[in-house]
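K.L.:
My structure file structure-v2.cif, mmCIF, C-alpha atoms and all ligand atoms, is below:
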```cif
data_structure
loop_
_atom_site.label_atom_id
_atom_site.label_comp_id
_atom_site.auth_asym_id
_atom_site.auth_seq_id
_atom_site.Cartn_x
_atom_site.Cartn_y
_atom_site.Cartn_z
CA MET A 123 -31.82 1.43 -2.17
CA THR A 124 -28.51 1.96 -0.48
CA LYS A 125 -25.88 -0.78 -0.42
CA LYS A 126 -24.29 -1.88 2.82
CA VAL A 127 -20.53 -1.77 2.75
CA LEU A 128 -17.98 -3.09 5.24
CA ILE A 129 -14.45 -1.65 5.12
CA THR A 130 -11.92 -3.56 7.20
CA GLY A 131 -9.07 -1.24 8.17
CA GLY A 132 -11.43 1.65 7.36
CA ALA A 133 -10.00 3.96 10.03
CA GLY A 134 -6.61 3.93 8.26
CA PHE A 135 -5.16 6.14 5.57
CA ILE A 136 -6.75 4.72 2.41
CA GLY A 137 -9.82 3.30 4.15
CA SER A 138 -10.89 6.61 5.72
CA HIS A 139 -10.76 8.41 2.34
CA LEU A 140 -12.83 5.60 0.82
CA VAL A 141 -15.39 5.98 3.64
CA ASP A 142 -15.77 9.69 2.75
CA LYS A 143 -16.12 9.07 -0.97
CA LEU A 144 -18.74 6.32 -0.51
CA ILE A 145 -20.79 8.39 1.93
CA GLU A 146 -20.59 11.45 -0.39
CA GLN A 147 -22.21 9.36 -3.14
CA LYS A 148 -25.24 8.75 -0.87
CA GLU A 149 -25.68 5.23 -2.25
CA TYR A 150 -23.79 3.42 0.47
CA GLU A 151 -24.09 2.76 4.20
CA VAL A 152 -20.62 2.24 5.56
CA SER A 153 -19.43 0.13 8.50
CA ILE A 154 -15.81 -0.09 9.59
CA LEU A 155 -13.93 -2.81 11.45
CA ASP A 156 -10.56 -1.61 12.69
CA THR A 157 -8.28 -2.44 15.63
CA LEU A 158 -6.87 1.12 15.80
CA GLU A 159 -3.32 -0.25 15.75
CA GLU A 160 -1.18 1.80 18.10
CA GLN A 161 1.61 2.12 15.52
CA VAL A 162 -0.82 3.82 13.13
CA HIS A 163 -3.18 5.71 15.43
CA GLY A 164 -1.13 6.25 18.62
CA LYS A 165 -2.43 5.08 22.00
CA THR A 166 -6.17 5.70 21.83
CA ASP A 167 -9.57 4.16 22.41
CA ASN A 168 -11.32 6.44 19.97
CA PRO A 169 -11.44 6.42 16.18
CA PRO A 170 -9.45 9.24 14.57
CA SER A 171 -11.13 12.66 14.48
CA TYR A 172 -11.07 12.67 10.65
CA LEU A 173 -13.27 9.56 10.49
CA ASN A 174 -16.62 10.33 8.83
CA LYS A 175 -19.35 10.69 11.46
CA ASP A 176 -21.92 9.09 9.15
CA SER A 177 -20.07 5.77 9.22
CA LYS A 178 -20.53 3.05 11.86
CA PHE A 179 -17.31 2.23 13.64
CA PHE A 180 -16.63 -1.18 15.23
CA ARG A 181 -13.39 -1.75 17.03
CA GLY A 182 -11.97 -5.22 16.51
CA SER A 183 -9.69 -7.42 14.49
CA VAL A 184 -10.22 -9.37 11.30
CA THR A 185 -8.46 -12.17 13.17
CA ASP A 186 -11.51 -12.33 15.51
CA TYR A 187 -13.73 -14.75 13.57
CA LYS A 188 -16.97 -14.10 15.43
CA LYS A 189 -16.70 -10.32 15.28
CA LEU A 190 -15.89 -10.38 11.57
CA GLU A 191 -18.67 -12.90 10.88
CA ASP A 192 -21.32 -10.68 12.53
CA LEU A 193 -20.31 -7.77 10.30
CA VAL A 194 -19.91 -9.77 7.09
CA LYS A 195 -23.45 -11.12 7.52
CA GLU A 196 -24.85 -7.59 7.70
CA ASN A 197 -23.15 -6.24 4.57
CA GLU A 198 -23.28 -6.61 0.79
CA ILE A 199 -19.88 -5.32 -0.29
CA ILE A 200 -16.59 -5.94 1.52
CA PHE A 201 -13.44 -3.90 1.05
CA HIS A 202 -10.65 -5.79 2.81
CA LEU A 203 -8.02 -3.17 3.65
CA ALA A 204 -7.01 -4.22 7.18
CA ALA A 205 -3.34 -5.15 7.25
CA SER A 206 0.01 -4.57 8.86
CA VAL A 207 1.79 -2.47 6.27
CA GLY A 208 5.53 -2.01 6.99
CA VAL A 209 7.69 -3.81 4.44
CA GLY A 210 10.96 -3.69 6.44
CA GLN A 211 9.23 -4.35 9.76
CA SER A 212 7.58 -7.47 8.34
CA MET A 213 11.02 -9.09 8.12
CA TYR A 214 11.31 -9.26 11.93
CA GLN A 215 7.65 -9.23 13.07
CA ILE A 216 6.89 -12.30 11.04
CA GLU A 217 4.16 -13.84 13.19
CA LYS A 218 2.25 -10.56 13.41
CA TYR A 219 2.31 -9.96 9.65
CA VAL A 220 1.25 -13.51 8.82
CA ASP A 221 -1.50 -13.39 11.45
CA ASN A 222 -3.04 -10.03 10.51
CA ASN A 223 -2.61 -10.34 6.78
CA ILE A 224 -3.11 -14.02 6.01
CA HIS A 225 -5.13 -15.34 8.95
CA GLY A 226 -7.42 -12.27 8.76
CA LEU A 227 -8.16 -12.84 5.07
CA ALA A 228 -8.59 -16.60 5.64
CA ASN A 229 -11.29 -15.78 8.21
CA LEU A 230 -13.10 -13.57 5.70
CA PHE A 231 -13.26 -16.27 3.02
CA ASP A 232 -14.06 -19.03 5.53
CA ILE A 233 -17.07 -16.95 6.63
CA LEU A 234 -18.12 -16.33 3.02
CA VAL A 235 -18.04 -20.08 2.35
CA ASN A 236 -19.63 -21.33 5.56
CA SER A 237 -22.13 -18.69 6.73
CA GLU A 238 -25.33 -17.39 5.23
CA HIS A 239 -24.74 -13.92 3.89
CA ASN A 240 -25.68 -11.41 1.18
CA VAL A 241 -22.18 -10.40 0.08
CA GLU A 242 -22.06 -9.61 -3.64
CA LYS A 243 -18.49 -8.37 -4.04
CA VAL A 244 -15.17 -8.50 -2.28
CA ILE A 245 -12.29 -6.14 -3.04
CA ILE A 246 -8.81 -7.01 -1.80
CA ALA A 247 -6.04 -4.42 -1.33
CA SER A 248 -2.85 -5.96 -2.66
CA SER A 249 0.43 -4.26 -3.45
CA ASN A 250 3.05 -3.69 -6.14
CA THR A 251 5.51 -5.40 -3.79
CA VAL A 252 4.24 -8.78 -5.05
CA TYR A 253 6.19 -8.23 -8.30
CA GLY A 254 9.65 -7.66 -6.93
CA GLU A 255 11.78 -5.97 -9.59
CA ALA A 256 10.31 -4.28 -12.66
CA LYS A 257 9.71 -5.86 -16.02
CA SER A 258 12.81 -4.91 -18.05
CA GLN A 259 14.30 -4.84 -21.52
CA CYS A 260 17.67 -6.40 -22.31
CA ASN A 261 19.28 -5.34 -25.60
CA LYS A 262 20.33 -8.92 -26.31
CA CYS A 263 17.64 -11.07 -24.62
CA GLY A 264 14.45 -9.00 -25.02
CA VAL A 265 11.90 -8.75 -22.17
CA VAL A 266 13.27 -10.12 -18.90
CA PHE A 267 12.38 -10.09 -15.20
CA PRO A 268 15.50 -9.36 -13.15
CA LYS A 269 16.00 -11.03 -9.79
CA LEU A 270 16.54 -9.13 -6.58
CA ARG A 271 20.03 -7.66 -6.47
CA LEU A 272 22.54 -9.70 -4.47
CA LEU A 273 24.30 -8.35 -1.39
CA ASP A 274 27.64 -8.46 -3.14
CA GLN A 275 26.41 -6.29 -5.99
CA LEU A 276 24.95 -3.73 -3.57
CA LYS A 277 28.13 -3.64 -1.47
CA HIS A 278 29.93 -2.46 -4.62
CA LYS A 279 27.31 0.29 -5.03
CA ASP A 280 26.38 -1.25 -8.33
CA TRP A 281 22.74 -0.27 -8.00
CA GLU A 282 21.19 -0.92 -11.42
CA LEU A 283 19.51 -4.17 -12.47
CA ASN A 284 21.20 -6.93 -14.46
CA CYS A 285 19.68 -9.19 -17.08
CA PRO A 286 19.02 -12.60 -15.44
CA LYS A 287 20.12 -14.33 -18.69
CA CYS A 288 23.25 -12.53 -19.91
CA GLY A 289 24.13 -10.24 -16.99
CA SER A 290 24.14 -6.95 -18.94
CA LYS A 291 22.38 -3.86 -17.62
CA VAL A 292 18.70 -3.60 -18.54
CA LYS A 293 16.22 -0.81 -19.25
CA THR A 294 13.12 -0.56 -17.05
CA LEU A 295 9.69 -1.10 -18.61
CA LEU A 296 6.25 -0.60 -17.12
CA THR A 297 5.18 -3.69 -15.16
CA ASP A 298 1.87 -5.27 -16.17
CA GLU A 299 -0.37 -7.70 -14.29
CA ASN A 300 0.90 -10.74 -16.20
CA SER A 301 4.43 -10.27 -14.90
CA PRO A 302 5.75 -13.08 -12.68
CA LEU A 303 5.52 -12.55 -8.92
CA ASN A 304 8.67 -12.41 -6.87
CA PRO A 305 7.92 -11.05 -3.38
CA SER A 306 10.97 -10.09 -1.35
CA SER A 307 9.50 -9.45 2.11
CA ILE A 308 7.04 -11.16 4.45
CA TYR A 309 4.66 -8.26 3.78
CA ALA A 310 4.82 -8.89 0.01
CA PHE A 311 4.55 -12.64 0.57
CA SER A 312 1.43 -12.07 2.72
CA LYS A 313 -0.11 -10.00 -0.10
CA GLN A 314 0.65 -12.75 -2.62
CA ALA A 315 -0.94 -15.28 -0.24
CA GLN A 316 -4.00 -13.02 0.05
CA GLU A 317 -4.28 -12.92 -3.74
CA LYS A 318 -3.97 -16.69 -4.17
CA LEU A 319 -6.40 -17.54 -1.39
CA SER A 320 -9.01 -14.97 -2.54
CA PHE A 321 -9.07 -16.20 -6.13
CA MET A 322 -8.90 -19.89 -5.23
CA ILE A 323 -11.96 -19.62 -2.98
CA GLY A 324 -13.64 -16.85 -4.97
CA ASN A 325 -13.51 -18.87 -8.22
CA THR A 326 -14.53 -22.13 -6.59
CA TYR A 327 -17.62 -20.67 -4.93
CA GLY A 328 -18.51 -17.93 -7.41
CA ILE A 329 -17.72 -15.07 -5.01
CA ASN A 330 -17.08 -11.92 -7.08
CA THR A 331 -13.57 -10.93 -6.06
CA THR A 332 -11.35 -8.14 -7.37
CA ILE A 333 -7.70 -7.65 -6.48
CA LEU A 334 -6.19 -4.18 -6.70
CA ARG A 335 -2.41 -3.91 -6.62
CA PHE A 336 -1.76 -0.43 -5.24
CA PHE A 337 1.61 1.11 -6.03
CA LEU A 338 2.96 3.77 -3.60
CA VAL A 339 -0.05 5.55 -2.22
CA TYR A 340 0.45 9.01 -0.71
CA GLY A 341 -1.85 11.71 0.61
CA THR A 342 -3.38 13.27 3.70
CA ARG A 343 -4.00 11.10 6.79
CA GLN A 344 -1.04 8.85 6.09
CA ALA A 345 0.03 7.97 9.65
CA LEU A 346 2.74 10.40 10.72
CA SER A 347 3.36 8.38 13.84
CA ASN A 348 4.24 5.32 11.77
CA PRO A 349 7.85 5.55 10.62
CA TYR A 350 7.76 2.18 8.91
CA THR A 351 5.82 3.18 5.83
CA GLY A 352 5.19 6.09 3.45
CA VAL A 353 8.33 7.79 2.14
CA CYS A 354 6.49 11.06 1.35
CA SER A 355 5.21 11.49 4.87
CA ILE A 356 8.55 10.37 6.36
CA PHE A 357 10.52 12.94 4.30
CA SER A 358 7.96 15.70 4.94
CA THR A 359 7.81 15.05 8.67
CA ARG A 360 11.60 15.09 8.91
CA ALA A 361 11.85 18.29 6.88
CA LEU A 362 9.28 20.03 9.07
CA HIS A 363 11.46 19.09 12.06
CA GLY A 364 14.46 20.70 10.37
CA LYS A 365 16.00 17.38 9.34
CA PRO A 366 16.99 16.59 5.74
CA PRO A 367 15.56 13.55 3.97
CA ILE A 368 17.86 10.51 4.09
CA VAL A 369 17.91 8.81 0.71
CA PHE A 370 19.06 5.20 0.33
CA GLU A 371 21.30 4.05 -2.54
CA ASP A 372 21.96 6.90 -5.01
CA GLY A 373 18.38 8.17 -5.15
CA ASN A 374 17.82 7.14 -8.76
CA GLN A 375 15.55 4.22 -7.87
CA THR A 376 12.06 4.78 -9.32
CA ARG A 377 8.58 4.27 -7.93
CA ASP A 378 5.03 4.98 -9.02
CA PHE A 379 3.35 7.39 -6.57
CA VAL A 380 -0.41 7.38 -6.78
CA ASN A 381 -2.59 9.84 -4.89
CA VAL A 382 -5.07 8.41 -2.40
CA ASN A 383 -7.97 10.11 -4.21
CA ASP A 384 -7.11 8.22 -7.38
CA VAL A 385 -6.84 4.98 -5.40
CA CYS A 386 -10.40 5.62 -4.15
CA GLN A 387 -11.49 6.12 -7.76
CA ALA A 388 -10.13 2.62 -8.55
CA LEU A 389 -11.75 1.07 -5.45
CA ILE A 390 -15.15 2.49 -6.39
CA LEU A 391 -14.84 1.46 -10.06
CA ALA A 392 -14.10 -2.06 -8.80
CA ILE A 393 -17.53 -2.28 -7.17
CA GLU A 394 -19.43 -0.41 -9.87
CA LYS A 395 -18.14 -2.32 -12.92
CA ASN A 396 -18.89 -5.99 -13.45
CA ALA A 397 -15.80 -6.20 -15.67
CA ALA A 398 -13.79 -6.02 -12.43
CA ASN A 399 -15.06 -9.37 -11.14
CA GLY A 400 -12.40 -12.06 -10.95
CA GLU A 401 -9.67 -9.68 -12.18
CA ILE A 402 -6.40 -8.22 -10.91
CA PHE A 403 -5.56 -4.58 -11.66
CA ASN A 404 -2.53 -2.38 -11.11
CA VAL A 405 -3.43 0.93 -9.49
CA GLY A 406 -0.77 3.54 -10.20
CA THR A 407 -0.09 6.39 -12.60
CA GLY A 408 2.38 4.85 -15.04
CA THR A 409 4.79 7.74 -14.37
CA PRO A 410 8.17 6.97 -12.78
CA ILE A 411 9.45 9.29 -10.07
CA THR A 412 12.89 8.88 -8.51
CA ILE A 413 13.32 8.97 -4.74
CA LYS A 414 15.83 11.77 -5.38
CA GLU A 415 13.06 13.84 -7.00
CA VAL A 416 10.75 13.15 -4.06
CA ALA A 417 13.43 14.25 -1.57
CA GLU A 418 14.26 17.37 -3.57
CA ILE A 419 10.66 18.45 -4.16
CA ILE A 420 9.81 18.04 -0.48
CA SER A 421 12.94 19.81 0.81
CA LYS A 422 12.45 22.67 -1.63
CA LYS A 423 8.86 23.21 -0.56
CA ILE A 424 9.41 22.93 3.19
CA ASN A 425 12.92 24.25 3.76
CA PRO A 426 15.20 24.89 0.75
CA LYS A 427 18.25 24.91 3.03
CA LEU A 428 17.84 21.21 3.74
CA ASN A 429 19.92 19.25 1.29
CA PRO A 430 18.90 15.59 1.07
CA ILE A 431 21.53 13.19 2.41
CA TYR A 432 22.68 10.48 0.01
CA ASN A 433 24.55 8.17 2.34
CA GLN A 434 24.82 5.23 -0.08
CA GLN A 435 23.21 2.90 2.43
CA PHE A 436 20.79 0.25 1.24
CA ARG A 437 18.06 -1.90 2.71
CA ILE A 438 18.21 -5.62 2.05
CA GLY A 439 15.16 -6.66 0.03
CA ASP A 440 14.52 -3.19 -1.45
CA ILE A 441 13.72 -3.18 -5.12
CA ARG A 442 15.36 -0.78 -7.57
CA HIS A 443 12.46 0.03 -9.89
CA CYS A 444 8.76 -0.66 -10.21
CA VAL A 445 6.25 1.46 -12.12
CA ALA A 446 2.75 0.35 -13.12
CA ASP A 447 1.47 -0.41 -16.55
CA ILE A 448 -2.11 0.82 -16.06
CA SER A 449 -3.51 -0.06 -19.51
CA LYS A 450 -5.69 -2.85 -18.10
CA ILE A 451 -7.53 -0.77 -15.50
CA LYS A 452 -7.84 2.11 -18.00
CA ASN A 453 -9.34 -0.09 -20.70
CA LYS A 454 -11.55 -2.36 -18.60
CA LEU A 455 -12.75 0.00 -15.87
CA GLY A 456 -12.17 3.48 -17.32
CA PHE A 457 -9.69 4.44 -14.58
CA SER A 458 -7.74 7.62 -15.15
CA PRO A 459 -5.41 9.21 -12.58
CA THR A 460 -6.31 12.85 -12.01
CA ILE A 461 -3.64 14.19 -9.64
CA THR A 462 -0.01 14.75 -10.55
CA PHE A 463 2.68 14.16 -7.94
CA LYS A 464 3.53 17.87 -7.79
CA GLU A 465 -0.11 18.77 -7.05
CA GLY A 466 -0.66 15.93 -4.60
CA ILE A 467 2.49 16.59 -2.60
CA GLU A 468 1.42 20.24 -2.00
CA ASP A 469 -1.78 19.01 -0.33
CA LEU A 470 0.13 16.50 1.76
CA ILE A 471 2.62 19.11 2.99
CA GLU A 472 -0.14 21.63 3.80
CA TRP A 473 -1.93 18.94 5.78
CA ILE A 474 1.19 17.85 7.67
CA LYS A 475 1.89 21.47 8.65
CA ILE A 476 -1.41 21.75 10.51
CA GLN A 477 -1.18 18.45 12.37
CA LYS A 478 -0.60 19.04 16.05
CA GLU A 479 -0.90 15.72 17.84
CA ASP A 480 1.21 12.86 16.50
CA PHE A 481 3.49 15.31 14.84
CA GLN A 482 6.63 13.77 16.17
CA GLU A 483 9.42 12.40 14.13
CA HIS A 484 10.28 8.72 14.59
CA SER A 485 12.21 7.83 11.43
CA HIS A 486 15.44 7.26 13.41
CA LYS A 487 13.65 4.51 15.41
CA ALA A 488 12.72 2.58 12.28
CA MET A 489 16.25 2.98 10.89
CA LEU A 490 17.83 1.82 14.15
CA GLU A 491 15.64 -1.28 14.21
CA LEU A 492 16.58 -2.14 10.62
CA LYS A 493 20.26 -1.65 11.46
CA GLU A 494 20.04 -3.83 14.57
CA LYS A 495 18.50 -6.64 12.56
CA GLY A 496 21.20 -6.31 9.88
CA LEU A 497 18.70 -5.19 7.24
CA LEU A 498 20.23 -1.75 6.65
CA LYS A 499 23.79 -1.75 5.31
N1 LIG A 501 -0.30 2.90 1.51
C1 LIG A 501 0.24 2.25 0.48
O1 LIG A 501 1.13 2.77 -0.20
C2 LIG A 501 -0.25 0.88 0.10
C3 LIG A 501 0.33 0.29 -1.03
C4 LIG A 501 -0.08 -0.98 -1.40
C5 LIG A 501 -1.05 -1.63 -0.66
N2 LIG A 501 -1.60 -1.04 0.44
C6 LIG A 501 -2.62 -1.79 1.19
O2 LIG A 501 -3.77 -0.98 1.40
C7 LIG A 501 -4.37 -1.31 2.64
C8 LIG A 501 -4.57 -0.06 3.48
O3 LIG A 501 -3.29 0.50 3.77
P1 LIG A 501 -3.09 1.95 4.40
O4 LIG A 501 -1.95 2.57 3.71
O5 LIG A 501 -4.39 2.65 4.48
O6 LIG A 501 -2.57 1.52 5.86
P2 LIG A 501 -3.01 2.05 7.32
O7 LIG A 501 -2.06 1.42 8.28
O8 LIG A 501 -3.20 3.51 7.34
O9 LIG A 501 -4.45 1.37 7.48
C9 LIG A 501 -4.64 0.04 7.85
C10 LIG A 501 -5.72 0.01 8.94
O10 LIG A 501 -5.92 -1.35 9.30
C11 LIG A 501 -6.04 -1.43 10.70
N3 LIG A 501 -5.68 -2.81 11.08
C12 LIG A 501 -4.45 -3.37 11.13
N4 LIG A 501 -4.55 -4.66 11.48
C13 LIG A 501 -5.88 -4.92 11.62
C14 LIG A 501 -6.65 -6.07 11.97
N5 LIG A 501 -6.04 -7.23 12.26
N6 LIG A 501 -7.99 -5.98 12.00
C15 LIG A 501 -8.63 -4.80 11.74
N7 LIG A 501 -7.96 -3.67 11.44
C16 LIG A 501 -6.61 -3.74 11.38
C17 LIG A 501 -5.12 -0.36 11.24
O11 LIG A 501 -5.51 0.05 12.56
C18 LIG A 501 -5.31 0.75 10.21
O12 LIG A 501 -6.33 1.65 10.60
C19 LIG A 501 -3.49 -2.37 3.29
O13 LIG A 501 -4.02 -3.65 3.02
C20 LIG A 501 -2.17 -2.19 2.59
O14 LIG A 501 -1.42 -3.40 2.56
C21 LIG A 501 -1.22 0.21 0.84
ZN ZN A 502 20.27 -10.29 -21.50
#
```
Would it be possible to restate this file's structure as structure tokens?
P.N.:
Amino acid sequence: MTKKVLITGGAGFIGSHLVDKLIEQKEYEVSILDTLEEQVHGKTDNPPSYLNKDSKFFRGSVTDYKKLEDLVKENEIIFHLAASVGVGQSMYQIEKYVDNNIHGLANLFDILVNSEHNVEKVIIASSNTVYGEAKSQCNKCGVVFPKLRLLDQLKHKDWELNCPKCGSKVKTLLTDENSPLNPSSIYAFSKQAQEKLSFMIGNTYGINTTILRFFLVYGTRQALSNPYTGVCSIFSTRALHGKPPIVFEDGNQTRDFVNVNDVCQALILAIEKNAANGEIFNVGTGTPITIKEVAEIISKKINPKLNPIYNQQFRIGDIRHCVADISKIKNKLGFSPTITFKEGIEDLIEWIKIQKEDFQEHSHKAMLELKEKGLLK
């Protein structure tokens, strides 16, 4: 017997890879609900050409209660991936981010509580941004959770994190799921709200819910037309247009880049393993990579003459470090990342090279908007 799966946002980057993987397994029938946001897909009435032909595509929004309800009632597993995803942009398109990300998820759980349905599991795509800064070690105070850096500190190009207790510089640790949450953008706040609402209703009504906190996901099909998200595709697209990557701060900030295929592995483990029910998991690699390394690897592969620009600018609200502690998902679900950054980035660059439509470069637009709003200094 096949299981019926609904993926909201399934025409997007992560969702479309998940569609392929589920259909490959031959145990799932996949339906997709997606608005085809213009910022992600360009102006179009048709689902992207990469979308698996064996899936059923429905155009519509998770904010449309009736449309979502009809699909929820027909399915047994729900992956809720639909969202607006630009961290910086969320700080000036506040209504849109709250509507798509919080109202959309509220509809889903309202339907699960009030309609007759056969849904057995719900998986929510959350984000590392809910943490804010990384768990850290202070030589004097032990484990601490630094606050967001203040404007004054950043203006002095004093980039590294301070201990919130004694003020000395701290060493970055891997961040685990028990770390306190400290979102610093409306996007991150909307993800925290999604988490709270899902567990509050899920626990009350016995709806099996799993939250996956993705770190920085990269891979093929990441929207090249969307300059608001995805540093790997932004740097690669710029480099292929003969423009060097522009790196904020000094480039030594670290992130955890996880390949989209490994994210799909985590998503599928979340539905296959009962140990996932009612739990939150980090989905990353546990390996820090600096933005400087990303810029250098990409420039070297695409055009070695392009030297990354370090212009010492910074974005208000940006975190300095955050890398996943993945012990929990390894131990409980048997997750194991399979693709190193160096391997994954090759695939991404090869894919970007053969994209014809959409292959324009819009990063200046996103930077201009941030500057106009006073969010890029
Ligand atoms: N890419 C990352 O690095 C990353 C990291 C952490 C979390 N996430 C989360 O993973 C999920 C998928 O992200 P992605 O990177 O694939 O983004 P994406 O923009 O490629 O995909 C999102 C899809 O959702 C659709 N969509 C947007 N609003 C919608 C609505 N109201 N109703 C229905 N569809 C809607 C878009 O058209 C798009 O196809 C999101 O929830 C995102 O917050 C992504
Ligand atoms: Zn201290």
K.L.:
Could you give me, as a PyMOL selection string, the residues within 12 Å of Val380 (chain A), counting only C-alpha atoms and dropping anything in the same chain fewer than 3 positions from it?
P.N.:
chain A and resi 136+250+335-341+352+354+377+383-388+404-411+445-446+448+458-467
K.L.:
From the set A:Ile390, A:Val184, A:Leu283, A:Ala345, which residue has the shortest atom-to-atom contact distance to ligand ZN 502 (chain A), counting only C-alpha atoms and all ligand atoms?
P.N.:
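Result for the nearest residue to ligand ZN 502 (chain A): A:Leu283.
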K.L.:
Between CA of Ala204 (chain A) and CA of Val416 (chain A), what is the distance in Å, rounded to a tenth?
P.N.:
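The value is 27.3 Å.
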K.L.:
Within 6 Å of ligand ZN 502 (chain A), counting all atoms listed in the file, which protein or nucleic acid residues do you find, written as a CSV table (one decimal) with C-alpha atoms, in the coordinates of the input?
P.N.:
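Output (result-v9.csv):
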```csv
chain,number,residue,atom,x,y,z
A,260,CYS,CA,17.7,-6.4,-22.3
A,262,LYS,CA,20.3,-8.9,-26.3
A,263,CYS,CA,17.6,-11.1,-24.6
A,285,CYS,CA,19.7,-9.2,-17.1
A,287,LYS,CA,20.1,-14.3,-18.7
A,288,CYS,CA,23.2,-12.5,-19.9
A,289,GLY,CA,24.1,-10.2,-17.0
A,290,SER,CA,24.1,-7.0,-18.9
```
K.L.:
Could you tell me which of A:Gln435, A:Leu498, A:Gly364, A:Gly400 comes closest to Lys279 (chain A) if we count all atoms listed in the file?
P.N.:
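Result for the nearest residue to Lys279 (chain A): A:Gln435.
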K.L.:
As a PyMOL selection string, please: every protein or nucleic acid residue near ligand LIG 501 (chain A) (cut-off 6 Å, counting all atoms listed in the file).
P.N.:
chain A and resi 130-131+133-137+155-159+162+182-185+203-207+222+247-249+336-339+344-345
K.L.:
Using all atoms listed in the file - which residues lie no farther than 12 Å from the point (15.8, -2.6, -2.6) in the file's frame? Write them as JSON, numbers by chain.
P.N.:
{"A": [209, 210, 251, 254, 255, 256, 269, 270, 271, 272, 273, 275, 276, 281, 282, 283, 305, 306, 307, 370, 371, 372, 373, 374, 375, 376, 377, 435, 436, 437, 438, 439, 440, 441, 442, 443, 444, 497, 498, 499]}
K.L.:
Which residues, protein or nucleic acid, reach to within 7 Å of (3.6, -7.5, 6.4) in the file's coordinates when using all atoms listed in the file, and can you give that as a count of residues only?
P.N.:
12
K.L.:
Which residue out of A:Tyr172, A:Phe457, A:Phe311, A:Phe357 has the minimum interatomic distance to Thr342 (chain A) when only C-alpha atoms are used?
P.N.:
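Of A:Tyr172, A:Phe457, A:Phe311, A:Phe357, the one nearest Thr342 (chain A) is A:Tyr172, counting only C-alpha atoms.
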K.L.:
Grab the CA of Ile129 (chain A) to CA of Ile245 (chain A) distance for me, in Å with one decimal place.
P.N.:
9.6 Å
K.L.:
Hey, which of A:Phe180, A:Tyr432, A:Phe379, A:Phe321 ends up closest to Asn399 (chain A)? Count only C-alpha atoms.
P.N.:
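Among A:Phe180, A:Tyr432, A:Phe379, A:Phe321, it is A:Phe321 that comes nearest to Asn399 (chain A).
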K.L.:
Hey, can you check how far CA of Asp232 (chain A) sits from CA of His139 (chain A)?
P.N.:
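CA of His139 (chain A) lies 27.8 Å from CA of Asp232 (chain A).
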K.L.:
Rank nothing, just name the residue among A:Glu160, A:Gln314, A:Tyr327, A:Ser449 nearest to Asn236 (chain A), using all atoms listed in the file.
P.N.:
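Ranked by minimum distance to Asn236 (chain A), first place goes to A:Tyr327.
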K.L.:
For each of A:Asn240, A:Ser153, A:Asn284, A:Thr412, take the minimum atom-to-atom distance to Val353 (chain A), counting all atoms listed in the file, then give the residue where this is smallest.
P.N.:
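With all atoms listed in the file as the atom set, the closest residue is A:Thr412.
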K.L.:
For Glu149 (chain A), list every protein, DNA or RNA residue within 10 Å, evaluated using all atoms listed in the file, and leave out those in the same chain fewer than 6 positions away; present the list as a VMD selection string.
P.N.:
chain A and resid 123 to 126
K.L.:
Which polymer residues have any atom within 12 Å of an atom of Leu362 (chain A), counting only C-alpha atoms, with same-chain residues fewer than 3 positions away left out, as JSON, numbers by chain?
P.N.:
{"A": [346, 355, 356, 357, 358, 359, 365, 366, 367, 420, 421, 422, 423, 424, 425, 426, 427, 428, 471, 472, 473, 474, 475, 476, 477, 481, 482, 483]}
K.L.:
Using only C-alpha atoms, determine which residues lie at most 9 Å from Glu198 (chain A), disregarding the query and same-chain residues fewer than 5 positions distant; provide the list as a VMD selection string.
P.N.:
chain A and resid 125 to 128 239 to 244
